[in-house]
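Chemist: Let me give you the structure first, and then I'll get to my questions.
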Amino acid sequence: MAAEALAARDRIGVQDFVLLEDFTSVDAFTDNLKKRFNEKLIYTYIGPVLVSVNPYRDLDLYTTQLCNEYRAVEFFKLPPHVFAIADTAYFAMRSNRQDQCILVSGESGAGKTEATKQILKYLAVVSENSHDVAKIKDQLLQSNPLLEAFGNATTTRNDNSSRFGKYMDVQFDFHGAPVGGHILNYLLEKSRVVRQAPGERNFHIFYQLLESGDAALLKRLHLEPNVKAYNYLAMTATHKESSETVFTINDGKQYRDTVNALKVLTFSDKQQAEIFNIAAAVLHMGNITFVQNSDDSAPAAVASVDTVAVAAELLGVELKALRSACLNKTIIVNGEHVRSPLKREEAAYARDAMGKSIYDRLFSWLVATVNRTLEVKRKDTAVIGLLDIYGFEVFQKNSFEQFCINYCNEKLQQIFIELTLKLEQEEYQKEGIQWEQIDFFNNKVILDLIEDKNKGVIAMLDEECLRPGPVSDSSFLDKMATGIGSHKHFMCFELADRDVKKTIERDEFRLVHYAGDVTYNVEGFIDKNNDLLFRDIKEIMQQSSNSIMKDVFPEAEILDKKRPLTAGTQFKASLNRLADILKSKVPSYVRCIKPNNKKSPVMFDDTLVNHQVKYLGLMENLRVRRSGFAYRRDYTYFYQRYKSICVETWPNYKKGTPAEACQKIADFMGWNSTDFKVGKTKVFVRNPRQLYEIEDRLAQRKVEIVTLLQAQARGLSARTKFQKIRAAVTIFAKNWRRLVAVRLRKRRRGAADDIRAFIKGFMQRHEEPNEYNKTFVKIVRRQWLCYTLAPALPKSVLDKSWPACPSVCKQTSELLKPLHQRHLVRQYVRSLAPERKQQLSLKLQCSETFRDRKSGYAESVAAPFKPSRLEDDLTQRVQEGVGKNSTDGAQIMFSDHVVKYDRHGYKPRPRIFAATPSSLLLLDPKSFAVKETHVLDNVKSLVVTPHLDGLVVVSLNEVTKANKGDLILSSERVIELATLVASTCFKRMDIISIVPDEVVHHLPANKSGSIRLLQGALPGIAKMSGGLTATHV
């Protein structure tokens, strides 16, 4: 059918992407999907792989009649359909007794769940039937609504999104009748139980209970039909109206479907009651809140015991035990049980962990119970496996769940490519065609990065979770940066270059997946991987009167002293088991695509679809398929369709076999042995272009045959008409050649005039403008402006270069040069950040004051000035100390370590200097008590020397016994101190005085002292005979 549909390919696209001409272009791939979507054709093949686009409407594609039409029909005989995939797998399983599997993948809202349902429906319709078989079929089909109730939820992308991965084995006897099944579930999104994103809902079962309409049930479960009454449901209700009610989902009807599914799957009435008790208990647990007094170290207390009592009743545990488990945790230290009370935040964490764990274990118990119902002990069965699993996910913020999901897709992509190549190779060997090695991207390097036992991301995460001492998400990120930082598929902020740092935060890392780069936020990785549940909770749940709770919290788990496996390690192990299962079966693939985020049946978002095509690896699959032969059909079909185009095979070939006839047709088309192969039962054509050529040739040949039959009757008329046309063409050609010759002469004459004028203009180029040189001058000016000056304009303010100009452009050049310089200066000034402008202002004031006047200026001005030179842990303490002695909000303009010298005796004392808008303060570096305070109004000047020393004297206007006289300080950053204090506190630089010879400081009672300036080997300040001495080099 692929070949027969080529005539309409421009309108509806090709129904097999292998026949796409531009098979390397994602845009061409998407455009073909769009053409078919607009024509309500949602299915397209890539060889044996089915691509399905969600139509968001009922297209009447899944009737029982259509099931029967696809039954036992060759794969390419009918248009692409999910029934064709199911039929191929079913009849391959029956005829070869070989296990099959169908992998359904795609992102949320792409239609994976619906595709899985239709595959199960098809298998139920076409398989053998009897009373017992009908019962098994019903149970297999009813497992879907049950698991959807507990495992599906409404998201912003999909009203019925599966929040877990599911692999189902359907077992068939040798008659082809289903006799049992088995389900494996992967990575339930249990965090949804306690927290949902804006506009999304919790799992369906909670809303089904509230909308059940069963007053007796609601009373027994202590529930009221109000979503906002429950914290686990109401937390996102305000973000979006549909977070409470989804109009495409009837919660009341689905509750009845869930109850019916439980009955069909032989759940007892007691089990059903216990299941609903547990679900309701989880809702009530969300309403348990905690209080704590103002002391952060005080233990938490339950705000309302009534809520705990309801949860305890539904869980079948004692109120006192549950209340204690919510408020305490027990740890084993040296073999002894030590109980530790929890703070409010810890108690809330324990409550949420308990809710998530109970719901997750309930879901796993449901799957295990369904498996016991579907279990078959016969060994002579064959299997068709259905894998409905999450697709590649990239959100605004990607966490541990997205990491696991994308790791799963990496694993499946590797299996997909390996099995695709394997099937290709087997078909080639079966037909006797030489296998050609196909190059493809092997994502094993990415899988090794994630799952390597020693240096993989999961191994490092486990090691960080298990190591003693303080552990945090940031320490895990640091560990990865150290251990795998050199890996080309790993990147984090610490290792990124300047451009990449703009796209990644400090608490994020990036993995280069096969489908593209994904940035993960490490927040929560440690907690989610540990997935710890306090021992007290496990112990009380094991004592529950609810039989399900006792099953899901086995006593052996409590007695086992080994640390439980982390979530990442468990998921890795389950993926490896899934890989082994898939590799043991013959695979078929359904790739589901969502056309838009609006759930619209008429909208096709090319960008969104392009992303999904990339994430699903469809282009990689197409490239692998096209690396071999694009088209393959059996001899008879090929021969009967194309025999008319070759003289030797038309109307019939009687000299040999159909295979030889096919070879004759290929020879006629000029195909060489590389582009065309004849196998044992099929012909192989390498390129779609060849198929288009032979189709065009066939269409042409049909016309030729019809023309041949009409040739004799129309020959004379055609010849006469031809002769008339030839005569007319001859006359037309003669006149046309004359007209062309006249136009050519005119054009040549004009060109000669232009050349002559240009030469004259060049000769008179230095004269005043005239009719000869004006054109030349315009050309010279344009040439200089557009092609000489424009590319060579200076790009920096410091670049003073300017291209030389011809004499006619000299005036223009003189005007443009200063204009361009001003433009560059303006651009530079506008580009400066406020902080940079402030720094430049300070440096300018510093330069005006100290340049060429004080040694050490160049070294000081090279580094940015900072308002604080204290260590981070001292800044807050200094702030507090200054705040107690300040009336202006304790705003510190500058702070640094200094040495203060006594006015009498010059004894050095370490101090912390702090300047505020109203005063200068000295603080004790140990106690942070304020030792001295000098108001700015009493400061006359800041005296420094011109030499390389740290001396600065704060000269006062009024010297009293209280202020003890002028302040003598030594600072390693004297220029920075003086500049910042003068600029920010005094708002003027003339407060700074530079004394070249001797510094005089004043004491009370009109006394004074002097500081001598001497030259020495090393700079410094020291007490010597006669006073204080500042030594300079």
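If you're wondering about the labels, chains in the structure tokens are A, B, ... by order shown, residues count from 1 in each chain, ligands from 1 in order shown.
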Give me the residues within 12 Å of Val82 in chain A as an mmCIF file with C-alpha atoms, in the first residue's frame, counting only C-alpha atoms and dropping any in the same chain fewer than 2 places off.

Modeler:
data_model
loop_
_atom_site.group_PDB
_atom_site.id
_atom_site.type_symbol
_atom_site.label_atom_id
_atom_site.label_comp_id
_atom_site.auth_asym_id
_atom_site.auth_seq_id
_atom_site.Cartn_x
_atom_site.Cartn_y
_atom_site.Cartn_z
ATOM 1 C CA ILE A 42 -3.115 9.991 12.821
ATOM 2 C CA TYR A 43 -0.982 6.901 12.130
ATOM 3 C CA THR A 44 2.285 6.751 10.142
ATOM 4 C CA TYR A 45 4.933 4.043 9.896
ATOM 5 C CA PRO A 48 7.601 -1.589 11.390
ATOM 6 C CA VAL A 49 7.375 1.254 13.945
ATOM 7 C CA LEU A 50 4.036 3.065 14.352
ATOM 8 C CA VAL A 51 3.928 6.822 15.015
ATOM 9 C CA SER A 52 0.594 7.895 16.534
ATOM 10 C CA VAL A 53 -0.597 11.509 16.874
ATOM 11 C CA LEU A 61 -11.071 4.214 14.276
ATOM 12 C CA TYR A 62 -11.574 1.377 16.750
ATOM 13 C CA LEU A 66 -12.170 -2.522 11.738
ATOM 14 C CA CYS A 67 -10.558 -5.032 14.127
ATOM 15 C CA TYR A 70 -6.907 -5.929 10.103
ATOM 16 C CA ARG A 71 -7.044 -9.511 11.296
ATOM 17 C CA PHE A 75 1.444 -5.544 7.571
ATOM 18 C CA LEU A 78 -3.759 -1.677 4.843
ATOM 19 C CA PRO A 79 -3.120 1.902 5.995
ATOM 20 C CA PRO A 80 -1.099 2.358 9.213
ATOM 21 C CA ALA A 84 -1.778 -3.600 12.468
ATOM 22 C CA ILE A 85 0.924 -3.550 15.151
ATOM 23 C CA ALA A 86 -1.220 -5.687 17.490
ATOM 24 C CA ASP A 87 -2.107 -8.087 14.663
ATOM 25 C CA THR A 88 1.521 -8.567 13.621
ATOM 26 C CA ALA A 89 2.589 -9.297 17.192
ATOM 27 C CA ILE A 102 4.800 -3.866 22.202
ATOM 28 C CA LEU A 103 6.513 -0.742 23.565
ATOM 29 C CA VAL A 104 4.199 2.283 23.829
ATOM 30 C CA GLY A 111 -2.251 8.968 23.958
ATOM 31 C CA LYS A 112 -0.159 6.114 25.402
ATOM 32 C CA GLU A 114 -5.481 4.912 24.906
ATOM 33 C CA ALA A 115 -3.133 3.061 22.551
ATOM 34 C CA THR A 116 -2.555 0.360 25.177
ATOM 35 C CA LYS A 117 -6.312 0.025 25.708
ATOM 36 C CA GLN A 118 -6.934 -0.412 21.963
ATOM 37 C CA ILE A 119 -4.198 -3.048 21.683
ATOM 38 C CA LEU A 120 -5.830 -4.995 24.526
ATOM 39 C CA LYS A 121 -9.214 -4.549 22.859
ATOM 40 C CA TYR A 122 -7.874 -5.880 19.553
ATOM 41 C CA LEU A 123 -6.318 -8.914 21.263
ATOM 42 C CA SER A 588 7.052 -3.814 18.206
ATOM 43 C CA TYR A 589 6.853 -0.082 18.786
ATOM 44 C CA VAL A 590 4.158 2.579 19.099
ATOM 45 C CA ARG A 591 5.524 6.120 19.444
ATOM 46 C CA CYS A 592 2.836 8.549 20.626
#

Chemist: Considering only C-alpha atoms, return as a list in words whatever protein or nucleic-acid residues lie within 7 Å of range 213-229 of chain A, sequence-local ones (same chain, fewer than 3 positions apart) excluded.

Modeler: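 Using only C-alpha atoms, the neighbours found are Leu210, Leu233, Ala234, Glu244, Asn277 and Ala280 of chain A.
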
Chemist: Env of Val861 in chain A: 12 Å cut, atoms = only C-alpha atoms, seq-sep filter 3 positions within chain, self excluded. Answer as a short mmCIF file (atom, residue, chain, number, x, y, z; two decimals) with all heavy atoms, in the first residue's frame.

Modeler:
data_model
loop_
_atom_site.label_atom_id
_atom_site.label_comp_id
_atom_site.auth_asym_id
_atom_site.auth_seq_id
_atom_site.Cartn_x
_atom_site.Cartn_y
_atom_site.Cartn_z
N GLN A 839 32.16 52.40 41.57
CA GLN A 839 33.58 52.10 41.74
C GLN A 839 34.44 53.10 40.99
O GLN A 839 35.46 53.59 41.51
CB GLN A 839 33.86 50.68 41.23
CG GLN A 839 33.49 49.58 42.21
CD GLN A 839 34.43 49.54 43.41
OE1 GLN A 839 35.62 49.76 43.28
NE2 GLN A 839 33.87 49.30 44.59
N LEU A 840 34.07 53.42 39.76
CA LEU A 840 34.86 54.37 38.96
C LEU A 840 34.86 55.75 39.61
O LEU A 840 35.87 56.47 39.58
CB LEU A 840 34.30 54.44 37.55
CG LEU A 840 34.51 53.18 36.69
CD1 LEU A 840 33.86 53.35 35.34
CD2 LEU A 840 36.00 52.89 36.52
N SER A 841 33.69 56.13 40.19
CA SER A 841 33.62 57.42 40.87
C SER A 841 34.59 57.46 42.06
O SER A 841 35.31 58.44 42.26
CB SER A 841 32.19 57.67 41.33
OG SER A 841 32.12 58.86 42.07
N LEU A 842 34.58 56.34 42.85
CA LEU A 842 35.50 56.29 43.99
C LEU A 842 36.94 56.33 43.53
O LEU A 842 37.80 57.02 44.13
CB LEU A 842 35.23 55.02 44.79
CG LEU A 842 33.94 54.98 45.61
CD1 LEU A 842 33.72 53.59 46.20
CD2 LEU A 842 33.97 56.03 46.71
N LYS A 843 37.25 55.56 42.46
CA LYS A 843 38.63 55.52 41.98
C LYS A 843 39.06 56.89 41.44
O LYS A 843 40.22 57.29 41.56
CB LYS A 843 38.77 54.45 40.89
CG LYS A 843 38.52 53.03 41.38
CD LYS A 843 39.48 52.65 42.48
CE LYS A 843 39.20 51.27 43.04
NZ LYS A 843 39.49 50.22 42.11
N LEU A 844 38.12 57.62 40.84
CA LEU A 844 38.44 58.96 40.33
C LEU A 844 38.76 59.91 41.49
O LEU A 844 39.74 60.66 41.45
CB LEU A 844 37.26 59.49 39.52
CG LEU A 844 37.43 60.90 38.95
CD1 LEU A 844 38.63 60.94 38.01
CD2 LEU A 844 36.16 61.33 38.22
N GLN A 845 37.93 59.86 42.54
CA GLN A 845 38.20 60.71 43.70
C GLN A 845 39.53 60.33 44.35
O GLN A 845 40.31 61.18 44.79
CB GLN A 845 37.06 60.56 44.72
CG GLN A 845 35.73 61.06 44.20
CD GLN A 845 34.61 60.88 45.21
OE1 GLN A 845 34.68 61.44 46.31
NE2 GLN A 845 33.61 60.10 44.85
N CYS A 846 39.78 59.01 44.40
CA CYS A 846 41.05 58.53 44.97
C CYS A 846 42.23 59.03 44.14
O CYS A 846 43.26 59.45 44.67
CB CYS A 846 41.02 57.01 45.04
SG CYS A 846 42.55 56.28 45.66
N SER A 847 42.06 58.98 42.82
CA SER A 847 43.14 59.41 41.93
C SER A 847 43.43 60.89 42.11
O SER A 847 44.59 61.31 42.17
CB SER A 847 42.75 59.11 40.49
OG SER A 847 43.70 59.62 39.61
N GLU A 848 42.36 61.70 42.20
CA GLU A 848 42.55 63.14 42.35
C GLU A 848 43.26 63.48 43.67
O GLU A 848 43.97 64.47 43.77
CB GLU A 848 41.19 63.84 42.29
CG GLU A 848 40.53 63.76 40.93
CD GLU A 848 39.12 64.31 40.95
OE1 GLU A 848 38.60 64.54 42.08
OE2 GLU A 848 38.53 64.50 39.86
N THR A 849 43.08 62.62 44.67
CA THR A 849 43.64 62.91 45.99
C THR A 849 45.04 62.32 46.16
O THR A 849 45.95 62.97 46.70
CB THR A 849 42.71 62.35 47.08
OG1 THR A 849 41.41 62.91 46.90
CG2 THR A 849 43.24 62.70 48.47
N PHE A 850 45.26 61.09 45.71
CA PHE A 850 46.48 60.36 46.06
C PHE A 850 47.45 60.14 44.90
O PHE A 850 48.60 59.77 45.14
CB PHE A 850 46.11 58.99 46.65
CG PHE A 850 45.42 59.09 47.97
CD1 PHE A 850 44.07 58.81 48.07
CD2 PHE A 850 46.11 59.47 49.12
CE1 PHE A 850 43.42 58.88 49.29
CE2 PHE A 850 45.47 59.54 50.33
CZ PHE A 850 44.12 59.26 50.43
N ARG A 851 47.00 60.27 43.68
CA ARG A 851 47.90 59.97 42.56
C ARG A 851 49.12 60.90 42.57
O ARG A 851 49.00 62.12 42.66
CB ARG A 851 47.15 60.11 41.24
CG ARG A 851 47.95 59.66 40.04
CD ARG A 851 47.11 59.68 38.80
NE ARG A 851 47.84 59.16 37.65
CZ ARG A 851 47.34 59.04 36.44
NH1 ARG A 851 46.08 59.41 36.22
NH2 ARG A 851 48.07 58.56 35.46
N LYS A 854 51.08 59.80 47.02
CA LYS A 854 51.30 58.80 48.06
C LYS A 854 51.74 57.50 47.43
O LYS A 854 51.17 57.03 46.44
CB LYS A 854 50.02 58.56 48.88
CG LYS A 854 50.22 57.53 50.00
CD LYS A 854 49.08 57.51 50.98
CE LYS A 854 49.29 56.43 52.05
NZ LYS A 854 50.48 56.66 52.86
N SER A 855 52.76 56.90 48.02
CA SER A 855 53.26 55.61 47.53
C SER A 855 52.20 54.53 47.78
O SER A 855 51.46 54.58 48.76
CB SER A 855 54.57 55.24 48.26
OG SER A 855 55.55 56.20 48.02
N GLY A 856 52.19 53.54 46.93
CA GLY A 856 51.23 52.44 47.08
C GLY A 856 49.89 52.75 46.42
O GLY A 856 48.98 51.93 46.48
N TYR A 857 49.76 53.95 45.79
CA TYR A 857 48.48 54.29 45.17
C TYR A 857 48.11 53.30 44.06
O TYR A 857 46.98 52.83 43.99
CB TYR A 857 48.54 55.71 44.60
CG TYR A 857 47.49 55.99 43.56
CD1 TYR A 857 46.17 56.23 43.94
CD2 TYR A 857 47.80 55.94 42.20
CE1 TYR A 857 45.20 56.45 42.98
CE2 TYR A 857 46.83 56.17 41.25
CZ TYR A 857 45.54 56.42 41.64
OH TYR A 857 44.58 56.62 40.69
N ALA A 858 49.10 52.97 43.22
CA ALA A 858 48.81 52.10 42.06
C ALA A 858 48.30 50.74 42.51
O ALA A 858 47.33 50.19 41.95
CB ALA A 858 50.06 51.93 41.21
N PRO A 864 39.09 46.49 43.46
CA PRO A 864 37.84 47.19 43.79
C PRO A 864 37.78 47.52 45.28
O PRO A 864 38.21 46.74 46.13
CB PRO A 864 36.76 46.18 43.43
CG PRO A 864 37.41 45.21 42.51
CD PRO A 864 38.84 45.16 42.89
N PHE A 865 37.24 48.72 45.59
CA PHE A 865 37.01 49.10 46.97
C PHE A 865 35.77 48.40 47.48
O PHE A 865 34.79 48.26 46.75
CB PHE A 865 36.82 50.61 47.08
CG PHE A 865 38.10 51.39 46.86
CD1 PHE A 865 38.09 52.77 46.69
CD2 PHE A 865 39.34 50.74 46.80
CE1 PHE A 865 39.25 53.49 46.48
CE2 PHE A 865 40.51 51.45 46.61
CZ PHE A 865 40.47 52.83 46.43
N LYS A 866 35.80 47.97 48.73
CA LYS A 866 34.65 47.26 49.32
C LYS A 866 34.23 47.97 50.61
O LYS A 866 35.08 48.45 51.36
CB LYS A 866 35.01 45.81 49.62
CG LYS A 866 35.35 45.00 48.39
CD LYS A 866 35.66 43.54 48.76
CE LYS A 866 35.99 42.73 47.52
NZ LYS A 866 36.29 41.33 47.86
N ARG A 973 45.16 49.05 54.41
CA ARG A 973 44.49 49.63 53.24
C ARG A 973 44.16 51.08 53.55
O ARG A 973 43.00 51.51 53.54
CB ARG A 973 43.21 48.83 52.92
CG ARG A 973 43.48 47.47 52.30
CD ARG A 973 42.22 46.63 52.16
NE ARG A 973 41.82 46.04 53.44
CZ ARG A 973 42.27 44.86 53.89
NH1 ARG A 973 43.09 44.15 53.15
NH2 ARG A 973 41.88 44.40 55.06
N VAL A 974 45.20 51.86 53.84
CA VAL A 974 44.99 53.23 54.29
C VAL A 974 44.35 54.08 53.19
O VAL A 974 43.50 54.93 53.47
CB VAL A 974 46.33 53.83 54.77
CG1 VAL A 974 47.32 53.92 53.62
CG2 VAL A 974 46.09 55.20 55.40
N ILE A 975 44.74 53.86 51.94
CA ILE A 975 44.16 54.67 50.84
C ILE A 975 42.68 54.35 50.69
O ILE A 975 41.84 55.24 50.54
CB ILE A 975 44.92 54.42 49.53
CG1 ILE A 975 46.36 54.95 49.66
CG2 ILE A 975 44.23 55.06 48.35
CD1 ILE A 975 47.21 54.73 48.43
N GLU A 976 42.32 53.06 50.72
CA GLU A 976 40.91 52.66 50.60
C GLU A 976 40.11 53.19 51.77
O GLU A 976 38.99 53.68 51.60
CB GLU A 976 40.81 51.12 50.53
CG GLU A 976 39.39 50.62 50.34
CD GLU A 976 39.34 49.12 50.16
OE1 GLU A 976 40.42 48.49 49.97
OE2 GLU A 976 38.23 48.56 50.19
N LEU A 977 40.67 53.09 52.98
CA LEU A 977 39.97 53.59 54.18
C LEU A 977 39.69 55.08 54.07
O LEU A 977 38.57 55.54 54.26
CB LEU A 977 40.81 53.26 55.42
CG LEU A 977 40.22 53.64 56.80
CD1 LEU A 977 40.70 52.65 57.84
CD2 LEU A 977 40.60 55.05 57.22
N THR A 979 39.70 57.03 51.42
CA THR A 979 38.82 57.38 50.29
C THR A 979 37.37 57.09 50.63
O THR A 979 36.48 57.93 50.42
CB THR A 979 39.23 56.60 49.03
OG1 THR A 979 40.59 56.91 48.71
CG2 THR A 979 38.34 56.98 47.86
#

Chemist: Please measure the separation of CA of Leu874 in chain A and CA of Val953 in chain A, giving the value in Å to one decimal.

Modeler: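 It comes out at 24.9 Å.
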
Chemist: So which residues of range 446-616 of chain A fall under strand (DSSP E) by DSSP, listed as a PyMOL selection string?

Modeler: chain A and resi 490-492+508-513+516-521+586-593

Chemist: From a DSSP calculation on the backbone, collect every residue of range 439-591 of chain A in helix (DSSP H, G or I) and output the set as a PyMOL selection string.

Modeler: chain A and resi 444-451+457-466+473-483+498-501+525-530+535-542+547-552+555-559+567-583

Chemist: To one decimal in Å, tell me the separation between CA of Phe76 in chain A and CA of Tyr56 in chain A.

Modeler: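 Atom-to-atom, CA of Phe76 in chain A to CA of Tyr56 in chain A, that is 25.9 Å.
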
Chemist: Give me the residues near Val1000 in chain A as a list in words, where near means some atom within 7 Å (using only C-alpha atoms) and where sequence neighbours in that chain fewer than 4 positions away do not count.

Modeler: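 Here the answer would be Ser1008, Gly1009, Ser1010 and Ile1011 of chain A.
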
Chemist: Next, write the just-selected residues to a file, as an mmCIF file, in the first residue's frame, keeping C-alpha atoms as the atom set.

Modeler:
data_model
loop_
_atom_site.group_PDB
_atom_site.id
_atom_site.type_symbol
_atom_site.label_atom_id
_atom_site.label_comp_id
_atom_site.auth_asym_id
_atom_site.auth_seq_id
_atom_site.Cartn_x
_atom_site.Cartn_y
_atom_site.Cartn_z
ATOM 1 C CA SER A 1008 50.590 67.507 71.445
ATOM 2 C CA GLY A 1009 52.806 64.774 70.151
ATOM 3 C CA SER A 1010 54.610 64.122 66.874
ATOM 4 C CA ILE A 1011 55.198 61.141 64.641
#

Chemist: Fewer than 5 positions away in the same chain doesn't count, so skip those; otherwise give me all residues within 10 Å of Ala281 in chain A, counting only C-alpha atoms, as a list in words.

Modeler: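 The contact residues come out as Leu221, His222, Leu223, Ile275, Phe276, Gly286, Thr307, Val308, Val310, Ala311, Ala312, Glu313, Leu314, Leu315, Gly316, Gly355, Ile358 and Tyr359 of chain A.
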